[in-house]
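Report on the structure given below.
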Amino acid sequence: MEPLAPHEKVYVDSEFAEDENHGQIGCEECHGGNPSDPNWKTAHKDVVRDPSYPDPTESCGQCHDEIAETAKTSLHMTLAPYKKMIDMRANPDESVHAKVDAARETHCNSCHSSCGQCHVSRPDSVDGGLLAAHLFQKRPPVHTVCTACHGSRIDKEYFGKNAGIPPDIHKEKYFRCDKCHTGKEMHEDGKDYANRYEVENAPKCVACHEDIYKDTSENVKQHTDHKDKLSCQVCHSMPYKNCYACHVGKDDQGLAYYKTKGSMLNFKIGLNPLQSEKRPEKYVTVRHVPVDQNTFSFYVENGLSRFDVLPTWKLATPHNIRRQTPQNKTCNSCHGNADLFLGEKDVKAEYMKANKKVIVPSELIPQKVKD
């Protein structure tokens, strides 16, 4: 994404004053400051750059009270699953855990978003800057907001930027992100979810493809035979990025940094680590995430002493859907094809214990079928 020039980040167009919804609100009503002070330095004292973070109820909530009340607990705003998962892995010793938590605050919370960072400016994690001279955007722009944060995986998958892999079929049908990820999902419902897959109004494939189990459907047998046994992505995803071993720290200038031990494009089917009534499938696509036993070693030794309680290969829903894929070309493109399934050969020794529940034993790989 092309960076903004310094003046573009802060320039407020006079057209903003004519905005029938927001133009009549004084700057100080949201941002604070003293507009009657002739000294610009003191007039800007205590000005709030993003009044919608971390609690938008006082700013956005003046008019959008119902949305702001739930948005303040949305996963985009709180990044709550990061803390919950790191807490599960963290050393139970309070002094050690506190250092892990401080490291998490420094490195893992930088990608939060807010009402303003979707509808007014670019997210802080990509250096911010007004989207359109402070004019509010009801539908956040995909390339400067959505994929500004979700770029390394979703952007490249959805738009076909990974070499040799076509774009998502929905992109070819000109779907924007909000075609599936609606405002209701983004603003959520105020509930405390453990992960994004628990969000009750998250998109479901069958919401649009409701006819796939009907007798009139072209592939009704394939869909009914596999219903609740494997996720849609197992048949319809293409290879996606998997990242390894993220280590964080600070340089000699005190600036926070991170580095990983590389990434690769791959496709793996594993046992469902989040199997439930809502997600009954036994087999799902899994993606490797870059957490490591030594992720926080710069700050504290043995910080993630309970590392093995969660897998490093996690449930994935890649954004690179195709109707026909290498694994669904024929029945035996998948059945009996051990290379597609996450096996011990695919898991590094130091991660073996953590992933024992998602590794597919040879006896659970579906057998070849007769032609």
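Identifiers in the structure tokens: chain A, B, ... in order shown; residue index from 1 per chain; ligand index from 1 in order shown.
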Could you pull out the residues in stretch 137-362 of chain A that DSSP calls strand (DSSP E) from the backbone, as a tab-separated table (two decimals) with N, CA and C atoms, in the first residue's frame?
chain	number	residue	atom	x	y	z
A	240	TYR	N	-2.04	-21.76	1.03
A	240	TYR	CA	-2.06	-20.49	1.76
A	240	TYR	C	-0.79	-20.37	2.59
A	241	LYS	N	-0.55	-19.17	3.11
A	241	LYS	CA	0.70	-18.91	3.83
A	241	LYS	C	0.68	-19.49	5.24
A	242	ASN	N	1.80	-20.09	5.61
A	242	ASN	CA	2.04	-20.57	6.97
A	242	ASN	C	3.34	-19.95	7.47
A	243	CYS	N	3.29	-19.36	8.66
A	243	CYS	CA	4.45	-18.64	9.22
A	243	CYS	C	5.00	-19.38	10.44
A	246	CYS	N	7.90	-16.58	15.56
A	246	CYS	CA	8.04	-15.13	15.72
A	246	CYS	C	8.74	-14.83	17.04
A	247	HIS	N	9.81	-14.04	16.97
A	247	HIS	CA	10.52	-13.59	18.17
A	247	HIS	C	10.46	-12.07	18.21
A	248	VAL	N	10.19	-11.52	19.39
A	248	VAL	CA	10.04	-10.07	19.53
A	248	VAL	C	11.11	-9.52	20.47
A	249	GLY	N	11.36	-8.23	20.36
A	249	GLY	CA	12.34	-7.58	21.22
A	249	GLY	C	12.41	-6.09	20.95
A	250	LYS	N	13.46	-5.45	21.47
A	250	LYS	CA	13.69	-4.03	21.22
A	250	LYS	C	15.14	-3.85	20.79
A	256	ALA	N	10.59	-1.29	19.27
A	256	ALA	CA	10.11	-2.66	19.24
A	256	ALA	C	10.25	-3.25	17.84
A	257	TYR	N	10.60	-4.53	17.76
A	257	TYR	CA	10.71	-5.20	16.47
A	257	TYR	C	10.27	-6.65	16.63
A	258	TYR	N	10.07	-7.30	15.48
A	258	TYR	CA	9.82	-8.74	15.49
A	258	TYR	C	10.51	-9.36	14.29
A	259	LYS	N	10.80	-10.62	14.38
A	259	LYS	CA	11.34	-11.34	13.24
A	259	LYS	C	10.84	-12.78	13.30
A	260	THR	N	10.64	-13.35	12.12
A	260	THR	CA	10.15	-14.72	12.05
A	260	THR	C	11.19	-15.60	11.35
A	263	SER	N	8.36	-18.33	6.14
A	263	SER	CA	7.00	-18.74	5.86
A	263	SER	C	7.00	-19.56	4.58
A	264	MET	N	5.92	-20.28	4.35
A	264	MET	CA	5.80	-21.06	3.12
A	264	MET	C	4.33	-21.18	2.74
A	265	LEU	N	4.09	-21.37	1.44
A	265	LEU	CA	2.75	-21.65	0.96
A	265	LEU	C	2.52	-23.15	1.05
A	266	ASN	N	1.41	-23.51	1.66
A	266	ASN	CA	1.14	-24.92	1.88
A	266	ASN	C	-0.36	-25.12	2.00
A	269	ILE	N	-4.65	-30.46	5.81
A	269	ILE	CA	-5.90	-30.84	6.45
A	269	ILE	C	-5.55	-31.47	7.79
A	270	GLY	N	-6.15	-30.96	8.86
A	270	GLY	CA	-5.89	-31.51	10.18
A	270	GLY	C	-7.19	-31.86	10.88
A	271	LEU	N	-7.08	-32.44	12.06
A	271	LEU	CA	-8.25	-32.70	12.89
A	271	LEU	C	-8.71	-31.39	13.50
A	283	TYR	N	-12.57	-32.92	9.97
A	283	TYR	CA	-11.40	-32.48	9.23
A	283	TYR	C	-11.57	-31.02	8.79
A	284	VAL	N	-10.53	-30.23	8.99
A	284	VAL	CA	-10.55	-28.82	8.61
A	284	VAL	C	-9.19	-28.44	8.04
A	285	THR	N	-9.15	-27.33	7.32
A	285	THR	CA	-7.85	-26.80	6.93
A	285	THR	C	-7.21	-26.17	8.15
A	286	VAL	N	-5.90	-26.36	8.29
A	286	VAL	CA	-5.16	-25.79	9.43
A	286	VAL	C	-3.99	-24.95	8.91
A	287	ARG	N	-3.73	-23.87	9.61
A	287	ARG	CA	-2.66	-22.94	9.22
A	287	ARG	C	-1.67	-22.83	10.39
A	288	HIS	N	-0.37	-22.83	10.07
A	288	HIS	CA	0.62	-22.68	11.13
A	288	HIS	C	0.76	-21.21	11.50
A	313	TRP	N	-0.64	-25.40	14.78
A	313	TRP	CA	-1.44	-25.55	13.57
A	313	TRP	C	-2.90	-25.35	13.99
A	314	LYS	N	-3.51	-24.25	13.54
A	314	LYS	CA	-4.83	-23.88	14.04
A	314	LYS	C	-5.85	-23.87	12.92
A	315	LEU	N	-7.11	-23.97	13.31
A	315	LEU	CA	-8.21	-23.90	12.35
A	315	LEU	C	-8.06	-22.69	11.45
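Residues lying within 12 Å of A:Thr330, counting only C-alpha atoms and ignoring same-chain neighbours fewer than 3 positions away, are A:Gln222, A:Cys235, A:Gln324, A:Thr325, A:Pro326, A:Gln327, A:Ser333, A:Cys334, A:His335, A:Gly336, A:Asn337, A:Lys368, A:Val369, A:Lys370, A:Asp371.
Close contacts of A:His44, defined as residues with an atom at most 9 Å away when counting only C-alpha atoms, with chain neighbours fewer than 2 positions off set aside, comprise Gly32, Gly33, Asn34, Pro35, Asp37, Asn39, Trp40, Lys41, Thr42, Asp46 and Val47 of chain A.
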Neighbours of stretch 201-211 of chain A within 12 Å (only C-alpha atoms; same-chain residues fewer than 4 positions away dropped), as a PDB file with N, CA and C atoms, in the first residue's frame?
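Saved the output as part.pdb:
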ATOM      1  N   HIS A 170     -14.813 -15.495  -5.276  1.00  0.00           N
ATOM      2  CA  HIS A 170     -15.702 -14.394  -4.903  1.00  0.00           C
ATOM      3  C   HIS A 170     -15.129 -13.038  -5.317  1.00  0.00           C
ATOM      4  N   CYS A 177     -15.243  -7.016   0.900  1.00  0.00           N
ATOM      5  CA  CYS A 177     -15.174  -7.725   2.182  1.00  0.00           C
ATOM      6  C   CYS A 177     -16.527  -7.729   2.897  1.00  0.00           C
ATOM      7  N   ASP A 178     -17.240  -6.577   2.822  1.00  0.00           N
ATOM      8  CA  ASP A 178     -18.480  -6.469   3.587  1.00  0.00           C
ATOM      9  C   ASP A 178     -19.645  -7.215   2.950  1.00  0.00           C
ATOM     10  N   LYS A 179     -19.408  -7.857   1.808  1.00  0.00           N
ATOM     11  CA  LYS A 179     -20.445  -8.732   1.261  1.00  0.00           C
ATOM     12  C   LYS A 179     -20.674  -9.911   2.203  1.00  0.00           C
ATOM     13  N   CYS A 180     -19.591 -10.422   2.773  1.00  0.00           N
ATOM     14  CA  CYS A 180     -19.685 -11.528   3.732  1.00  0.00           C
ATOM     15  C   CYS A 180     -19.537 -11.039   5.170  1.00  0.00           C
ATOM     16  N   HIS A 181     -18.577 -10.132   5.382  1.00  0.00           N
ATOM     17  CA  HIS A 181     -18.308  -9.629   6.738  1.00  0.00           C
ATOM     18  C   HIS A 181     -19.093  -8.334   6.936  1.00  0.00           C
ATOM     19  N   THR A 182     -20.300  -8.462   7.413  1.00  0.00           N
ATOM     20  CA  THR A 182     -21.223  -7.341   7.526  1.00  0.00           C
ATOM     21  C   THR A 182     -20.876  -6.430   8.702  1.00  0.00           C
ATOM     22  N   GLY A 183     -21.504  -5.265   8.709  1.00  0.00           N
ATOM     23  CA  GLY A 183     -21.324  -4.339   9.820  1.00  0.00           C
ATOM     24  C   GLY A 183     -21.730  -4.953  11.150  1.00  0.00           C
ATOM     25  N   LYS A 184     -22.750  -5.795  11.137  1.00  0.00           N
ATOM     26  CA  LYS A 184     -23.183  -6.432  12.378  1.00  0.00           C
ATOM     27  C   LYS A 184     -22.076  -7.313  12.953  1.00  0.00           C
ATOM     28  N   GLU A 185     -21.385  -8.020  12.074  1.00  0.00           N
ATOM     29  CA  GLU A 185     -20.279  -8.847  12.554  1.00  0.00           C
ATOM     30  C   GLU A 185     -19.137  -7.974  13.062  1.00  0.00           C
ATOM     31  N   MET A 186     -18.785  -6.926  12.311  1.00  0.00           N
ATOM     32  CA  MET A 186     -17.670  -6.065  12.703  1.00  0.00           C
ATOM     33  C   MET A 186     -17.935  -5.374  14.032  1.00  0.00           C
ATOM     34  N   HIS A 187     -19.181  -4.933  14.236  1.00  0.00           N
ATOM     35  CA  HIS A 187     -19.514  -4.237  15.482  1.00  0.00           C
ATOM     36  C   HIS A 187     -19.856  -5.215  16.595  1.00  0.00           C
ATOM     37  N   GLU A 188     -20.190  -6.439  16.215  1.00  0.00           N
ATOM     38  CA  GLU A 188     -20.456  -7.556  17.124  1.00  0.00           C
ATOM     39  C   GLU A 188     -21.609  -7.287  18.084  1.00  0.00           C
ATOM     40  N   ASP A 189     -21.708  -8.124  19.107  1.00  0.00           N
ATOM     41  CA  ASP A 189     -22.884  -8.080  19.970  1.00  0.00           C
ATOM     42  C   ASP A 189     -22.540  -7.916  21.447  1.00  0.00           C
ATOM     43  N   GLY A 190     -21.317  -7.520  21.733  1.00  0.00           N
ATOM     44  CA  GLY A 190     -20.945  -7.265  23.117  1.00  0.00           C
ATOM     45  C   GLY A 190     -20.549  -8.489  23.913  1.00  0.00           C
ATOM     46  N   LYS A 191     -20.531  -9.661  23.287  1.00  0.00           N
ATOM     47  CA  LYS A 191     -20.182 -10.878  24.008  1.00  0.00           C
ATOM     48  C   LYS A 191     -18.669 -11.072  24.042  1.00  0.00           C
ATOM     49  N   TYR A 193     -15.918 -13.263  23.345  1.00  0.00           N
ATOM     50  CA  TYR A 193     -15.604 -14.464  22.590  1.00  0.00           C
ATOM     51  C   TYR A 193     -14.151 -14.882  22.805  1.00  0.00           C
ATOM     52  N   ASN A 195     -12.477 -16.599  20.493  1.00  0.00           N
ATOM     53  CA  ASN A 195     -11.817 -16.476  19.194  1.00  0.00           C
ATOM     54  C   ASN A 195     -12.852 -16.043  18.164  1.00  0.00           C
ATOM     55  N   ARG A 196     -12.381 -15.664  16.980  1.00  0.00           N
ATOM     56  CA  ARG A 196     -13.302 -15.119  15.975  1.00  0.00           C
ATOM     57  C   ARG A 196     -14.285 -16.160  15.467  1.00  0.00           C
ATOM     58  N   TYR A 197     -13.972 -17.435  15.621  1.00  0.00           N
ATOM     59  CA  TYR A 197     -14.873 -18.463  15.129  1.00  0.00           C
ATOM     60  C   TYR A 197     -16.088 -18.657  16.038  1.00  0.00           C
ATOM     61  N   ASP A 215     -31.789 -31.962  -3.747  1.00  0.00           N
ATOM     62  CA  ASP A 215     -31.664 -32.989  -4.790  1.00  0.00           C
ATOM     63  C   ASP A 215     -31.383 -32.390  -6.154  1.00  0.00           C
ATOM     64  N   THR A 216     -31.779 -31.147  -6.336  1.00  0.00           N
ATOM     65  CA  THR A 216     -31.574 -30.497  -7.631  1.00  0.00           C
ATOM     66  C   THR A 216     -30.169 -29.944  -7.799  1.00  0.00           C
ATOM     67  N   SER A 217     -29.366 -29.979  -6.731  1.00  0.00           N
ATOM     68  CA  SER A 217     -28.009 -29.450  -6.796  1.00  0.00           C
ATOM     69  C   SER A 217     -27.128 -30.352  -7.664  1.00  0.00           C
ATOM     70  N   GLU A 218     -26.217 -29.719  -8.401  1.00  0.00           N
ATOM     71  CA  GLU A 218     -25.349 -30.459  -9.316  1.00  0.00           C
ATOM     72  C   GLU A 218     -24.473 -31.479  -8.589  1.00  0.00           C
ATOM     73  N   ASN A 219     -23.972 -31.113  -7.414  1.00  0.00           N
ATOM     74  CA  ASN A 219     -23.055 -31.985  -6.660  1.00  0.00           C
ATOM     75  C   ASN A 219     -23.658 -32.395  -5.320  1.00  0.00           C
ATOM     76  N   VAL A 220     -24.937 -32.677  -5.319  1.00  0.00           N
ATOM     77  CA  VAL A 220     -25.626 -32.960  -4.057  1.00  0.00           C
ATOM     78  C   VAL A 220     -25.018 -34.162  -3.333  1.00  0.00           C
ATOM     79  N   HIS A 223     -21.783 -33.238  -1.535  1.00  0.00           N
ATOM     80  CA  HIS A 223     -22.012 -32.364  -0.383  1.00  0.00           C
ATOM     81  C   HIS A 223     -22.705 -33.096   0.766  1.00  0.00           C
ATOM     82  N   THR A 224     -23.671 -33.921   0.462  1.00  0.00           N
ATOM     83  CA  THR A 224     -24.363 -34.643   1.536  1.00  0.00           C
ATOM     84  C   THR A 224     -23.467 -35.714   2.152  1.00  0.00           C
ATOM     85  N   LYS A 227     -21.103 -33.743   4.479  1.00  0.00           N
ATOM     86  CA  LYS A 227     -21.711 -32.777   5.396  1.00  0.00           C
ATOM     87  C   LYS A 227     -21.345 -33.092   6.848  1.00  0.00           C
ATOM     88  N   SER A 231     -14.800 -29.359   6.644  1.00  0.00           N
ATOM     89  CA  SER A 231     -15.167 -27.974   6.365  1.00  0.00           C
ATOM     90  C   SER A 231     -15.167 -27.718   4.867  1.00  0.00           C
ATOM     91  N   CYS A 232     -15.880 -26.686   4.453  1.00  0.00           N
ATOM     92  CA  CYS A 232     -15.950 -26.336   3.027  1.00  0.00           C
ATOM     93  C   CYS A 232     -14.553 -26.095   2.457  1.00  0.00           C
ATOM     94  N   GLN A 233     -13.669 -25.479   3.281  1.00  0.00           N
ATOM     95  CA  GLN A 233     -12.325 -25.130   2.797  1.00  0.00           C
ATOM     96  C   GLN A 233     -11.479 -26.363   2.470  1.00  0.00           C
ATOM     97  N   HIS A 236     -12.358 -26.727  -1.039  1.00  0.00           N
ATOM     98  CA  HIS A 236     -12.402 -25.568  -1.929  1.00  0.00           C
ATOM     99  C   HIS A 236     -11.308 -24.521  -1.711  1.00  0.00           C
ATOM    100  N   LYS A 278     -21.428 -26.272  16.922  1.00  0.00           N
ATOM    101  CA  LYS A 278     -21.457 -25.272  15.855  1.00  0.00           C
ATOM    102  C   LYS A 278     -20.508 -25.644  14.728  1.00  0.00           C
ATOM    103  N   ARG A 279     -19.368 -26.261  15.073  1.00  0.00           N
ATOM    104  CA  ARG A 279     -18.382 -26.680  14.075  1.00  0.00           C
ATOM    105  C   ARG A 279     -18.101 -28.166  14.260  1.00  0.00           C
ATOM    106  N   THR A 317      -9.553 -20.610   7.755  1.00  0.00           N
ATOM    107  CA  THR A 317     -10.571 -20.442   6.715  1.00  0.00           C
ATOM    108  C   THR A 317      -9.986 -19.527   5.642  1.00  0.00           C
ATOM    109  N   ILE A 321     -10.917 -19.314  -2.171  1.00  0.00           N
ATOM    110  CA  ILE A 321     -11.866 -20.356  -2.549  1.00  0.00           C
ATOM    111  C   ILE A 321     -11.971 -20.492  -4.077  1.00  0.00           C
TER     112      ILE A 321
END
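Atom to atom, atom CA of A:Glu58 and atom CA of A:Cys30 stand 8.1 Å apart.
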message: To test your reading of the structure, identify every residue in stretch 2-219 of chain A that backbone DSSP assigns to helix (DSSP H, G or I), and report it as an MDAnalysis selection string.
response: chainID A and resid 6:10 14:18 27:31 40:43 60:62 65:71 75:78 80:89 94:107 116:119 124:126 142:149 151:158 169:172 177:180 183:187 196:198 205:208
query: Skipping near chain neighbours, those fewer than 3 positions away, what residues fall within 7 Å of A:Met77 using only C-alpha atoms, listed as number ranges by chain?
result: A: 54, 72-74, 112-114
message: Just want the 12 Å neighbourhood of A:Ala163, counted on only C-alpha atoms, with same-chain residues fewer than 2 positions away dropped. Output as a list of chain:residue names.
response: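 Returned residues: A:Lys156, A:Glu157, A:Phe159, A:Gly160, A:Lys161, A:Ile165, A:Pro166, A:Pro167, A:Met238, A:Pro239, A:Tyr240, A:Lys241, A:Met264, A:Leu265.
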